[in-house]
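For reference, run_19.cif (mmCIF, C-alpha atoms):
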```
data_structure
loop_
_atom_site.label_atom_id
_atom_site.label_comp_id
_atom_site.auth_asym_id
_atom_site.auth_seq_id
_atom_site.Cartn_x
_atom_site.Cartn_y
_atom_site.Cartn_z
CA MET U 28 0.00 0.00 0.00
CA ALA U 29 1.31 3.44 -0.96
CA CYS U 30 0.19 6.60 0.76
CA PRO U 31 2.02 9.82 -0.12
CA THR U 32 1.26 12.57 2.39
CA PHE U 33 1.98 16.06 1.07
CA LYS U 34 3.74 18.52 3.37
CA ALA U 35 1.71 21.41 4.73
CA GLY U 36 2.19 24.51 2.65
CA CYS U 37 3.08 22.67 -0.56
CA GLU U 38 -0.03 20.53 -1.02
CA PRO U 39 -1.14 20.28 -4.65
CA LEU U 40 -4.18 22.45 -5.31
CA ILE U 41 -7.17 21.69 -7.50
CA LEU U 42 -7.63 24.90 -9.46
CA GLY U 43 -10.43 24.04 -11.90
CA THR U 44 -12.72 21.12 -12.74
CA GLY U 45 -15.00 20.09 -15.59
CA GLU U 46 -17.15 17.33 -17.06
CA ALA U 47 -18.62 16.52 -20.48
CA TYR U 48 -20.96 13.98 -22.07
CA PRO U 49 -21.97 12.92 -25.60
CA GLU U 50 -24.66 14.89 -27.34
CA ASN U 51 -27.47 12.30 -27.16
CA THR U 52 -29.29 11.36 -23.97
CA TYR U 53 -31.55 8.33 -23.81
CA SER U 54 -33.71 6.95 -21.03
CA GLN U 55 -32.86 3.57 -19.60
CA GLN U 56 -36.06 2.26 -21.17
CA GLU U 57 -34.89 3.47 -24.60
CA PHE U 58 -31.58 1.65 -24.18
CA LEU U 59 -33.45 -1.51 -23.20
CA GLN U 60 -35.80 -1.26 -26.16
CA ALA U 61 -32.89 -0.70 -28.55
CA LEU U 62 -31.16 -3.84 -27.23
CA LEU U 63 -34.28 -5.96 -27.65
CA GLU U 64 -34.78 -4.63 -31.17
CA ARG U 65 -31.17 -5.19 -32.20
CA TYR U 66 -30.72 -8.70 -30.79
CA PRO U 67 -33.50 -11.26 -31.03
CA MET U 68 -33.28 -13.44 -27.94
CA ASP U 69 -35.18 -16.14 -26.15
CA GLU U 70 -37.78 -15.18 -23.57
CA ALA U 71 -35.55 -16.06 -20.60
CA SER U 72 -32.83 -13.66 -21.81
CA ALA U 73 -35.36 -10.95 -22.62
CA ALA U 74 -36.96 -11.34 -19.19
CA PHE U 75 -33.53 -11.01 -17.55
CA ALA U 76 -32.85 -7.82 -19.55
CA ARG U 77 -36.19 -6.36 -18.49
CA ARG U 78 -35.31 -7.04 -14.84
CA ILE U 79 -31.69 -5.86 -14.87
CA PHE U 80 -32.08 -2.53 -16.68
CA PRO U 81 -34.34 -0.93 -14.03
CA ALA U 82 -32.47 -2.72 -11.22
CA THR U 83 -29.35 -0.64 -11.96
CA GLY U 84 -31.05 2.49 -10.63
CA ILE U 85 -30.09 4.30 -13.84
CA THR U 86 -32.75 6.49 -15.42
CA ALA U 87 -30.76 7.95 -18.33
CA GLY U 88 -27.38 7.95 -20.03
CA SER U 89 -25.47 9.52 -22.90
CA SER U 90 -24.17 8.20 -26.21
CA ALA U 91 -22.68 9.81 -29.30
CA LEU U 92 -24.67 7.36 -31.43
CA PRO U 93 -28.08 8.17 -32.88
CA ARG U 94 -30.95 5.99 -31.64
CA ASP U 95 -30.92 3.66 -34.66
CA GLN U 96 -27.23 2.83 -34.14
CA LEU U 97 -27.33 1.89 -30.47
CA PHE U 98 -25.77 -1.58 -30.00
CA LYS U 99 -24.92 -1.74 -33.72
CA ARG U 100 -22.00 -4.09 -34.49
CA MET U 101 -19.07 -2.18 -36.04
CA THR U 102 -16.11 -3.30 -38.06
CA ARG U 103 -12.78 -2.85 -36.30
CA SER U 104 -11.96 0.27 -38.31
CA GLU U 105 -15.40 1.76 -37.64
CA PHE U 106 -15.00 1.07 -33.95
CA VAL U 107 -11.52 2.64 -33.75
CA THR U 108 -12.78 5.77 -35.52
CA TYR U 109 -15.83 6.00 -33.24
CA ILE U 110 -13.73 5.68 -30.08
CA ARG U 111 -11.18 8.21 -31.33
CA GLU U 112 -13.68 10.88 -32.35
CA THR U 113 -15.98 10.53 -29.33
CA THR U 114 -13.11 10.44 -26.84
CA GLU U 115 -11.43 13.51 -28.30
CA ASP U 116 -14.68 15.51 -28.45
CA MET U 117 -15.66 14.81 -24.84
CA SER U 118 -12.09 15.33 -23.61
CA ARG U 119 -11.80 18.72 -25.26
CA ARG U 120 -15.08 19.97 -23.81
CA ALA U 121 -14.28 18.74 -20.28
CA ALA U 122 -10.80 20.28 -20.49
CA GLN U 123 -12.14 23.60 -21.72
CA GLN U 124 -14.54 23.76 -18.77
CA ALA U 125 -11.75 23.02 -16.28
CA LEU U 126 -9.41 25.53 -17.91
CA ALA U 127 -12.11 28.23 -17.90
CA ALA U 128 -12.77 27.57 -14.19
CA TRP U 129 -9.04 27.88 -13.52
CA GLY U 130 -8.81 31.11 -15.53
CA GLY U 131 -5.08 30.98 -16.15
CA ASP U 132 -3.02 31.46 -19.29
CA LEU U 133 -3.09 28.37 -21.54
CA SER U 134 0.64 28.73 -22.11
CA SER U 135 1.15 28.06 -18.38
CA ILE U 136 0.00 24.44 -18.74
CA THR U 137 3.25 22.48 -18.54
CA HIS U 138 1.91 18.89 -18.39
CA ILE U 139 -1.04 16.90 -19.67
CA VAL U 140 -2.01 13.58 -18.06
CA PHE U 141 -4.63 11.70 -20.04
CA GLY U 142 -6.38 8.49 -19.00
CA THR U 143 -8.87 6.11 -20.58
CA MET U 144 -10.20 2.59 -20.29
CA SER U 145 -11.50 2.80 -23.88
CA ALA U 146 -8.09 2.27 -25.42
CA VAL U 147 -7.66 1.04 -28.97
CA ILE U 148 -4.48 0.62 -31.00
CA ASP U 149 -4.53 4.08 -32.54
CA ALA U 150 -1.80 6.71 -32.70
CA PRO U 151 -1.36 9.63 -32.40
CA THR U 152 -3.08 9.16 -29.04
CA THR U 153 -5.82 11.43 -27.69
CA ASP U 154 -3.42 13.53 -25.61
CA SER U 155 -1.37 14.29 -28.75
CA ARG U 156 -4.48 15.28 -30.68
CA LEU U 157 -5.64 17.54 -27.85
CA ILE U 158 -2.27 19.30 -27.66
CA ASN U 159 -2.62 20.07 -31.35
CA SER U 160 -6.32 21.00 -31.49
CA MET U 161 -6.37 23.05 -28.25
CA GLY U 162 -3.19 24.99 -28.99
CA LEU U 163 -1.27 23.79 -25.95
CA ARG U 164 2.43 24.59 -25.85
CA THR U 165 4.62 22.42 -28.06
CA ASP U 166 7.08 21.58 -25.26
CA ILE U 167 4.34 20.29 -22.95
CA ARG U 168 5.13 17.06 -21.09
CA ARG U 169 2.55 14.35 -21.62
CA LEU U 170 1.55 11.03 -20.15
CA SER U 171 -1.10 8.66 -21.54
CA VAL U 172 -2.49 6.21 -18.98
CA GLN U 173 -4.58 3.30 -20.25
CA GLN U 174 -6.47 0.29 -18.91
CA MET U 175 -6.56 1.39 -15.25
CA GLY U 176 -10.27 0.60 -15.05
CA CYS U 177 -12.66 2.39 -12.73
CA LEU U 178 -9.94 4.21 -10.78
CA THR U 179 -8.36 5.88 -13.84
CA GLY U 180 -9.36 9.38 -12.80
CA PHE U 181 -7.99 9.09 -9.29
CA ARG U 182 -4.82 7.37 -10.47
CA CYS U 183 -4.21 10.22 -12.93
CA LEU U 184 -5.05 12.80 -10.25
CA SER U 185 -2.65 11.30 -7.70
CA THR U 186 0.13 11.10 -10.31
CA ALA U 187 -0.42 14.74 -11.26
CA ALA U 188 -0.47 15.72 -7.59
CA GLU U 189 2.94 14.17 -7.06
CA LEU U 190 4.27 15.94 -10.15
CA ALA U 191 2.91 19.26 -8.90
CA ALA U 192 4.33 18.81 -5.41
CA ALA U 193 7.75 18.13 -6.91
CA ASN U 194 7.54 21.15 -9.23
CA PRO U 195 5.53 24.14 -7.93
CA ALA U 196 6.04 25.91 -11.29
CA ALA U 197 4.00 23.21 -13.04
CA ARG U 198 0.36 23.54 -14.01
CA ILE U 199 -1.04 20.17 -14.99
CA LEU U 200 -4.15 19.41 -17.04
CA VAL U 201 -5.65 16.03 -16.17
CA ILE U 202 -8.27 14.54 -18.50
CA VAL U 203 -10.07 11.20 -18.34
CA ALA U 204 -12.53 10.02 -20.99
CA ASP U 205 -14.34 6.74 -21.43
CA VAL U 206 -16.63 5.49 -24.18
CA ARG U 207 -17.70 2.46 -22.17
CA SER U 208 -20.86 2.00 -24.19
CA GLY U 209 -18.52 0.88 -26.97
CA LEU U 210 -18.55 -2.53 -25.29
CA GLN U 211 -22.15 -2.82 -26.38
CA ASN U 212 -21.34 -2.30 -30.05
CA GLN U 213 -18.90 -5.19 -30.04
CA LEU U 214 -20.80 -7.88 -28.15
CA PRO U 215 -19.26 -11.36 -28.53
CA HIS U 216 -20.99 -14.19 -30.32
CA TRP U 217 -23.71 -15.79 -28.27
CA GLU U 218 -22.86 -18.64 -25.98
CA GLY U 219 -23.35 -22.06 -27.56
CA ASP U 220 -24.56 -22.69 -31.07
CA ASP U 221 -28.06 -21.29 -30.75
CA SER U 222 -27.85 -17.64 -31.88
CA SER U 223 -31.52 -17.16 -31.06
CA ALA U 224 -30.66 -17.36 -27.35
CA GLY U 225 -29.27 -13.83 -27.53
CA PRO U 226 -26.51 -12.18 -25.49
CA SER U 227 -25.06 -13.77 -22.37
CA ARG U 228 -26.12 -12.33 -19.01
CA ALA U 229 -22.72 -10.64 -18.69
CA CYS U 230 -23.36 -8.89 -22.02
CA ILE U 231 -26.81 -7.78 -20.92
CA ILE U 232 -25.44 -6.37 -17.66
CA SER U 233 -22.78 -4.39 -19.54
CA CYS U 234 -25.50 -3.00 -21.83
CA ALA U 235 -27.50 -1.95 -18.78
CA LEU U 236 -24.63 -0.33 -16.86
CA PHE U 237 -22.01 1.33 -19.04
CA ARG U 238 -22.28 4.81 -20.51
CA ASP U 239 -19.94 7.61 -21.68
CA ALA U 240 -18.33 10.66 -20.06
CA ALA U 241 -15.19 12.76 -19.72
CA SER U 242 -13.86 14.79 -16.80
CA ALA U 243 -10.90 17.07 -16.14
CA VAL U 244 -9.01 19.05 -13.50
CA VAL U 245 -6.24 21.63 -13.47
CA ILE U 246 -3.79 21.09 -10.64
CA GLY U 247 -0.72 22.90 -9.31
CA ALA U 248 1.12 23.56 -6.04
CA GLY U 249 1.04 27.07 -4.60
CA ALA U 250 -1.66 29.49 -5.75
CA ARG U 251 -0.67 32.33 -8.05
CA ALA U 252 -2.34 35.71 -8.44
CA GLY U 253 -5.84 35.20 -9.81
CA GLU U 254 -6.03 31.50 -8.96
CA VAL U 255 -8.77 30.41 -6.57
CA PRO U 256 -8.06 26.90 -5.18
CA LEU U 257 -11.07 24.63 -4.88
CA ALA U 258 -9.34 22.04 -2.70
CA LYS U 259 -6.01 20.70 -1.50
CA VAL U 260 -4.88 17.16 -2.24
CA LEU U 261 -3.76 15.88 1.16
CA ARG U 262 -3.15 12.17 0.64
CA SER U 263 -3.56 9.36 -1.86
CA ALA U 264 -3.50 5.61 -1.37
CA SER U 265 -4.06 2.36 -3.22
CA ALA U 266 -4.43 -1.28 -2.28
CA PHE U 267 -4.27 -4.46 -4.34
CA LEU U 268 -6.70 -7.02 -2.95
CA PRO U 269 -5.28 -10.57 -2.86
CA GLY U 270 -7.26 -13.16 -4.75
CA THR U 271 -9.19 -10.67 -6.89
CA LEU U 272 -7.03 -10.49 -10.01
CA ASP U 273 -9.64 -12.22 -12.15
CA TYR U 274 -12.69 -10.46 -10.71
CA VAL U 275 -12.90 -8.14 -13.72
CA HIS U 276 -11.50 -8.78 -17.15
CA ILE U 277 -12.05 -7.33 -20.61
CA THR U 278 -10.54 -8.96 -23.68
CA ASP U 279 -10.57 -8.52 -27.45
CA GLY U 280 -11.90 -11.50 -29.37
CA ASP U 281 -12.25 -12.51 -32.97
CA ASP U 282 -14.09 -10.31 -35.49
CA ALA U 283 -13.58 -7.16 -33.38
CA THR U 284 -15.64 -8.53 -30.47
CA ILE U 285 -15.03 -7.45 -26.86
CA SER U 286 -15.82 -9.71 -23.90
CA TRP U 287 -16.43 -8.29 -20.43
CA PHE U 288 -16.66 -10.26 -17.19
CA ASN U 289 -17.41 -8.97 -13.71
CA SER U 290 -17.44 -11.32 -10.72
CA LYS U 291 -20.54 -11.27 -8.55
CA ASP U 292 -18.14 -11.19 -5.57
CA LEU U 293 -16.65 -7.83 -6.57
CA PRO U 294 -19.00 -5.65 -4.44
CA ASN U 295 -18.24 -7.77 -1.38
CA ALA U 296 -14.47 -7.51 -1.91
CA VAL U 297 -14.56 -3.75 -2.40
CA SER U 298 -16.83 -3.07 0.56
CA ALA U 299 -14.83 -5.35 2.88
CA ALA U 300 -11.63 -3.45 2.08
CA ALA U 301 -13.18 0.01 2.39
CA PRO U 302 -13.01 0.56 6.19
CA ASP U 303 -9.25 -0.03 6.39
CA MET U 304 -8.64 2.16 3.34
CA VAL U 305 -10.73 5.03 4.72
CA ALA U 306 -9.09 4.79 8.15
CA HIS U 307 -5.68 4.81 6.47
CA LEU U 308 -6.52 7.94 4.50
CA LEU U 309 -7.96 9.82 7.48
CA LYS U 310 -5.17 8.91 9.89
CA GLY U 311 -3.13 11.96 10.83
CA VAL U 312 -5.36 14.43 8.96
CA LYS U 313 -6.14 17.10 11.55
CA GLY U 314 -9.82 17.35 12.42
CA ALA U 315 -10.85 14.64 9.95
CA SER U 316 -13.53 12.10 10.82
CA ILE U 317 -15.64 9.77 8.75
CA SER U 318 -18.86 11.40 9.95
CA HIS U 319 -17.76 14.78 8.56
CA THR U 320 -16.40 13.50 5.26
CA ALA U 321 -18.01 13.58 1.82
CA PHE U 322 -17.41 10.70 -0.56
CA ALA U 323 -16.71 10.69 -4.30
CA MET U 324 -17.34 6.95 -4.61
CA HIS U 325 -17.23 5.40 -8.08
CA PRO U 326 -20.85 4.53 -8.99
CA GLY U 327 -20.07 1.04 -10.22
CA GLY U 328 -23.58 -0.13 -9.46
CA PRO U 329 -26.14 -0.22 -6.64
CA LYS U 330 -24.50 -3.08 -4.72
CA ILE U 331 -21.09 -1.38 -4.76
CA LEU U 332 -22.60 1.75 -3.19
CA GLN U 333 -24.95 0.00 -0.76
CA LEU U 334 -22.46 -2.52 0.62
CA THR U 335 -19.64 0.00 0.96
CA ALA U 336 -21.82 2.46 2.84
CA LYS U 337 -22.94 -0.36 5.15
CA ALA U 338 -19.35 -1.49 5.75
CA LEU U 339 -18.41 2.07 6.72
CA GLY U 340 -21.40 2.38 9.05
CA LEU U 341 -22.94 5.11 6.91
CA SER U 342 -26.35 5.66 5.38
CA ASP U 343 -26.83 5.74 1.63
CA ASP U 344 -27.05 9.55 1.97
CA ALA U 345 -23.28 9.65 2.49
CA PHE U 346 -22.92 8.65 -1.17
CA ALA U 347 -25.64 11.01 -2.40
CA THR U 348 -23.47 12.49 -5.16
CA SER U 349 -22.57 9.02 -6.42
CA TRP U 350 -26.18 7.85 -6.38
CA GLU U 351 -27.21 10.96 -8.28
CA PHE U 352 -24.49 10.38 -10.87
CA LEU U 353 -25.41 6.72 -11.30
CA GLN U 354 -29.03 7.67 -11.84
CA GLN U 355 -28.27 10.42 -14.36
CA HIS U 356 -25.29 8.94 -16.22
CA GLY U 357 -24.73 5.28 -15.34
CA ASN U 358 -21.34 3.66 -14.83
CA THR U 359 -18.84 5.68 -16.88
CA SER U 360 -15.77 3.81 -15.61
CA GLY U 361 -12.81 5.96 -14.44
CA SER U 362 -14.17 9.13 -16.01
CA SER U 363 -16.70 9.22 -13.16
CA ASN U 364 -13.95 9.93 -10.62
CA LEU U 365 -13.15 13.54 -11.50
CA ALA U 366 -16.74 14.25 -12.55
CA LEU U 367 -17.87 13.31 -9.03
CA LEU U 368 -15.12 15.44 -7.55
CA HIS U 369 -16.27 18.34 -9.75
CA ARG U 370 -19.85 17.94 -8.55
CA GLU U 371 -18.87 17.64 -4.90
CA LEU U 372 -16.69 20.77 -5.08
CA MET U 373 -19.46 22.70 -6.86
CA ARG U 374 -22.05 21.66 -4.29
CA GLU U 375 -23.09 24.73 -2.32
CA GLY U 376 -23.37 24.72 1.43
CA SER U 377 -25.50 26.78 3.78
CA ALA U 378 -25.14 28.23 7.25
CA ALA U 379 -27.10 25.27 8.62
CA SER U 380 -25.25 22.70 6.50
CA PRO U 381 -21.86 23.98 5.39
CA ARG U 382 -19.85 22.29 2.68
CA THR U 383 -18.04 19.25 4.02
CA ARG U 384 -14.42 19.93 4.84
CA ASP U 385 -12.93 16.68 3.59
CA ILE U 386 -13.68 14.51 0.57
CA ILE U 387 -12.56 10.93 0.04
#
```

Let me see the structure of the file written as structure tokens.
Amino acid sequence: MACPTFKAGCEPLILGTGEAYPENTYSQQEFLQALLERYPMDEASAAFARRIFPATGITAGSSALPRDQLFKRMTRSEFVTYIRETTEDMSRRAAQQALAAWGGDLSSITHIVFGTMSAVIDAPTTDSRLINSMGLRTDIRRLSVQQMGCLTGFRCLSTAAELAAANPAARILVIVADVRSGLQNQLPHWEGDDSSAGPSRACIISCALFRDAASAVVIGAGARAGEVPLAKVLRSASAFLPGTLDYVHITDGDDATISWFNSKDLPNAVSAAAPDMVAHLLKGVKGASISHTAFAMHPGGPKILQLTAKALGLSDDAFATSWEFLQQHGNTSGSSNLALLHRELMREGSAASPRTRDII
């Protein structure tokens, strides 16, 4: 377990945040109907789909695809183009929002850290394209982080925080974008020889859960004239849970298919590890307590949120921002991380209920 603690007075500062989504928004019922129209399936599979879509708690989600192309199988070249164009568009808009909130000179951005779980073999990579299209400085230092899953945003944020702490002159743009609904356009061949059976249950769950988003932050150590810090990054930590390596896996198959598997034991493993992780993060932070902490918890699904809150001895209200995000946008993989942080930092307090001091 790693846990950098930044020295008082030189903590990295979050100076601007942003989020972006594809242009089209569909209700969960519209996504379900599109799946049933696209893939004929037996009644048992259809009944499972009708149960699982509302059970996610999601009411709507975004996609760059028009309604008649939802769940449409693409060739490999079509898929690569779709991922490239959608990722770059969302990334640019999220970055522009974060940069506008920061308000600094674009030429002051010294680093760009880009992350995605929607990686394809395609170069120049999204960070390179953004440097060119946004007019960032040509000597900017860049890092492209791929396949970090649902913690991509926080992994990129913690990396940028360490860079900023080591170089107070740096101003770092962090962007994370995920086109997770792309999984649904490349569903694998049906299990067994009977194509009329329809998608596997794992496929149906991915169709019900995953949607698209991008998020961004500007980070630097030591506020300059005109900069208004939104938060300090005090600590970061990570833990690898023994015995869980195969709990989630995504693999390319033949004919441009993508297979996704998620163990039913994942929510239990995450929630069981949460109390020690939270205690580790709060230890030594002056005045911090779990009862006065807000949470930017990845909205992986209802069980992830419910079981983790229970393990921490909290009500579901403690994850209100995450529940709201899940309902409005679904599971957007690691792009949810900074979007949730953005929403939590923008949440207004009142005299009776001031904004929470600490966020995990």

So what does the PyMOL selection byres ((chain U and resi 162) around 12) actually pick up in this one, as a CSV table (one decimal) with C-alpha atoms, in the frame of the given file?
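This went into result-v3.csv:
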```
chain,number,residue,atom,x,y,z
U,119,ARG,CA,-11.8,18.7,-25.3
U,123,GLN,CA,-12.1,23.6,-21.7
U,132,ASP,CA,-3.0,31.5,-19.3
U,133,LEU,CA,-3.1,28.4,-21.5
U,134,SER,CA,0.6,28.7,-22.1
U,135,SER,CA,1.2,28.1,-18.4
U,136,ILE,CA,0.0,24.4,-18.7
U,154,ASP,CA,-3.4,13.5,-25.6
U,155,SER,CA,-1.4,14.3,-28.8
U,156,ARG,CA,-4.5,15.3,-30.7
U,157,LEU,CA,-5.6,17.5,-27.8
U,158,ILE,CA,-2.3,19.3,-27.7
U,159,ASN,CA,-2.6,20.1,-31.4
U,160,SER,CA,-6.3,21.0,-31.5
U,161,MET,CA,-6.4,23.0,-28.2
U,163,LEU,CA,-1.3,23.8,-26.0
U,164,ARG,CA,2.4,24.6,-25.8
U,165,THR,CA,4.6,22.4,-28.1
U,166,ASP,CA,7.1,21.6,-25.3
U,167,ILE,CA,4.3,20.3,-23.0
```

Answer key for the PyMOL selection byres ((chain U and resi 55) around 8), residues as a PyMOL selection string: chain U and resi 53-54+56-59+80-81+85-88+235

Taking (-7.2, 11.8, -4.2) in the coordinates of the supplied file, I want to know which residues reach to within 7 Å of it, counting all atoms listed in the file; could you give the answer as JSON, numbers by chain? {"U": [181, 184, 185, 260, 262, 263, 387]}

List the neighbours of Val275 in chain U out to 12 Å using only C-alpha atoms; skip same-chain residues closer than 3 positions along the sequence, and give me the result as a PyMOL selection string. chain U and resi 174-177+229+270-272+278+286-294+296

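Run against this file, the PyMOL selection byres ((chain U and resi 250) around 10) gives back Cys37, Pro39, Leu40, Ile41, Leu42, Pro195, Ile246, Gly247, Ala248, Gly249, Arg251, Ala252, Gly253, Glu254, Val255 and Pro256 of chain U.
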
Quick one: of U:Leu210, U:Pro226, U:Val203, U:Gly45, who's nearest to Ala76 in chain U, counting all atoms listed in the file?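 Closest candidate: U:Pro226.
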
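The two atoms in question, CA of Ala122 in chain U and CA of Ala243 in chain U, are spaced 5.4 Å apart.
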
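Among the candidates U:Lys330, U:Gln173, U:Arg384, U:Arg77, the residue lying nearest to Lys259 in chain U is U:Arg384 (atoms considered: all atoms listed in the file).
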
Surrounding residues of Phe322 in chain U excluding itself and chain neighbours under 5 positions, 10 Å, only C-alpha atoms, as a PyMOL selection string: chain U and resi 317+336+345-349+367-368+371+383+385-387

Could you work out how far CA of Ser227 in chain U lies from CA of Asp69 in chain U, giving the answer in Å with one decimal?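 Taking CA of Asp69 in chain U as the start and CA of Ser227 in chain U as the end point, the length is 11.1 Å.
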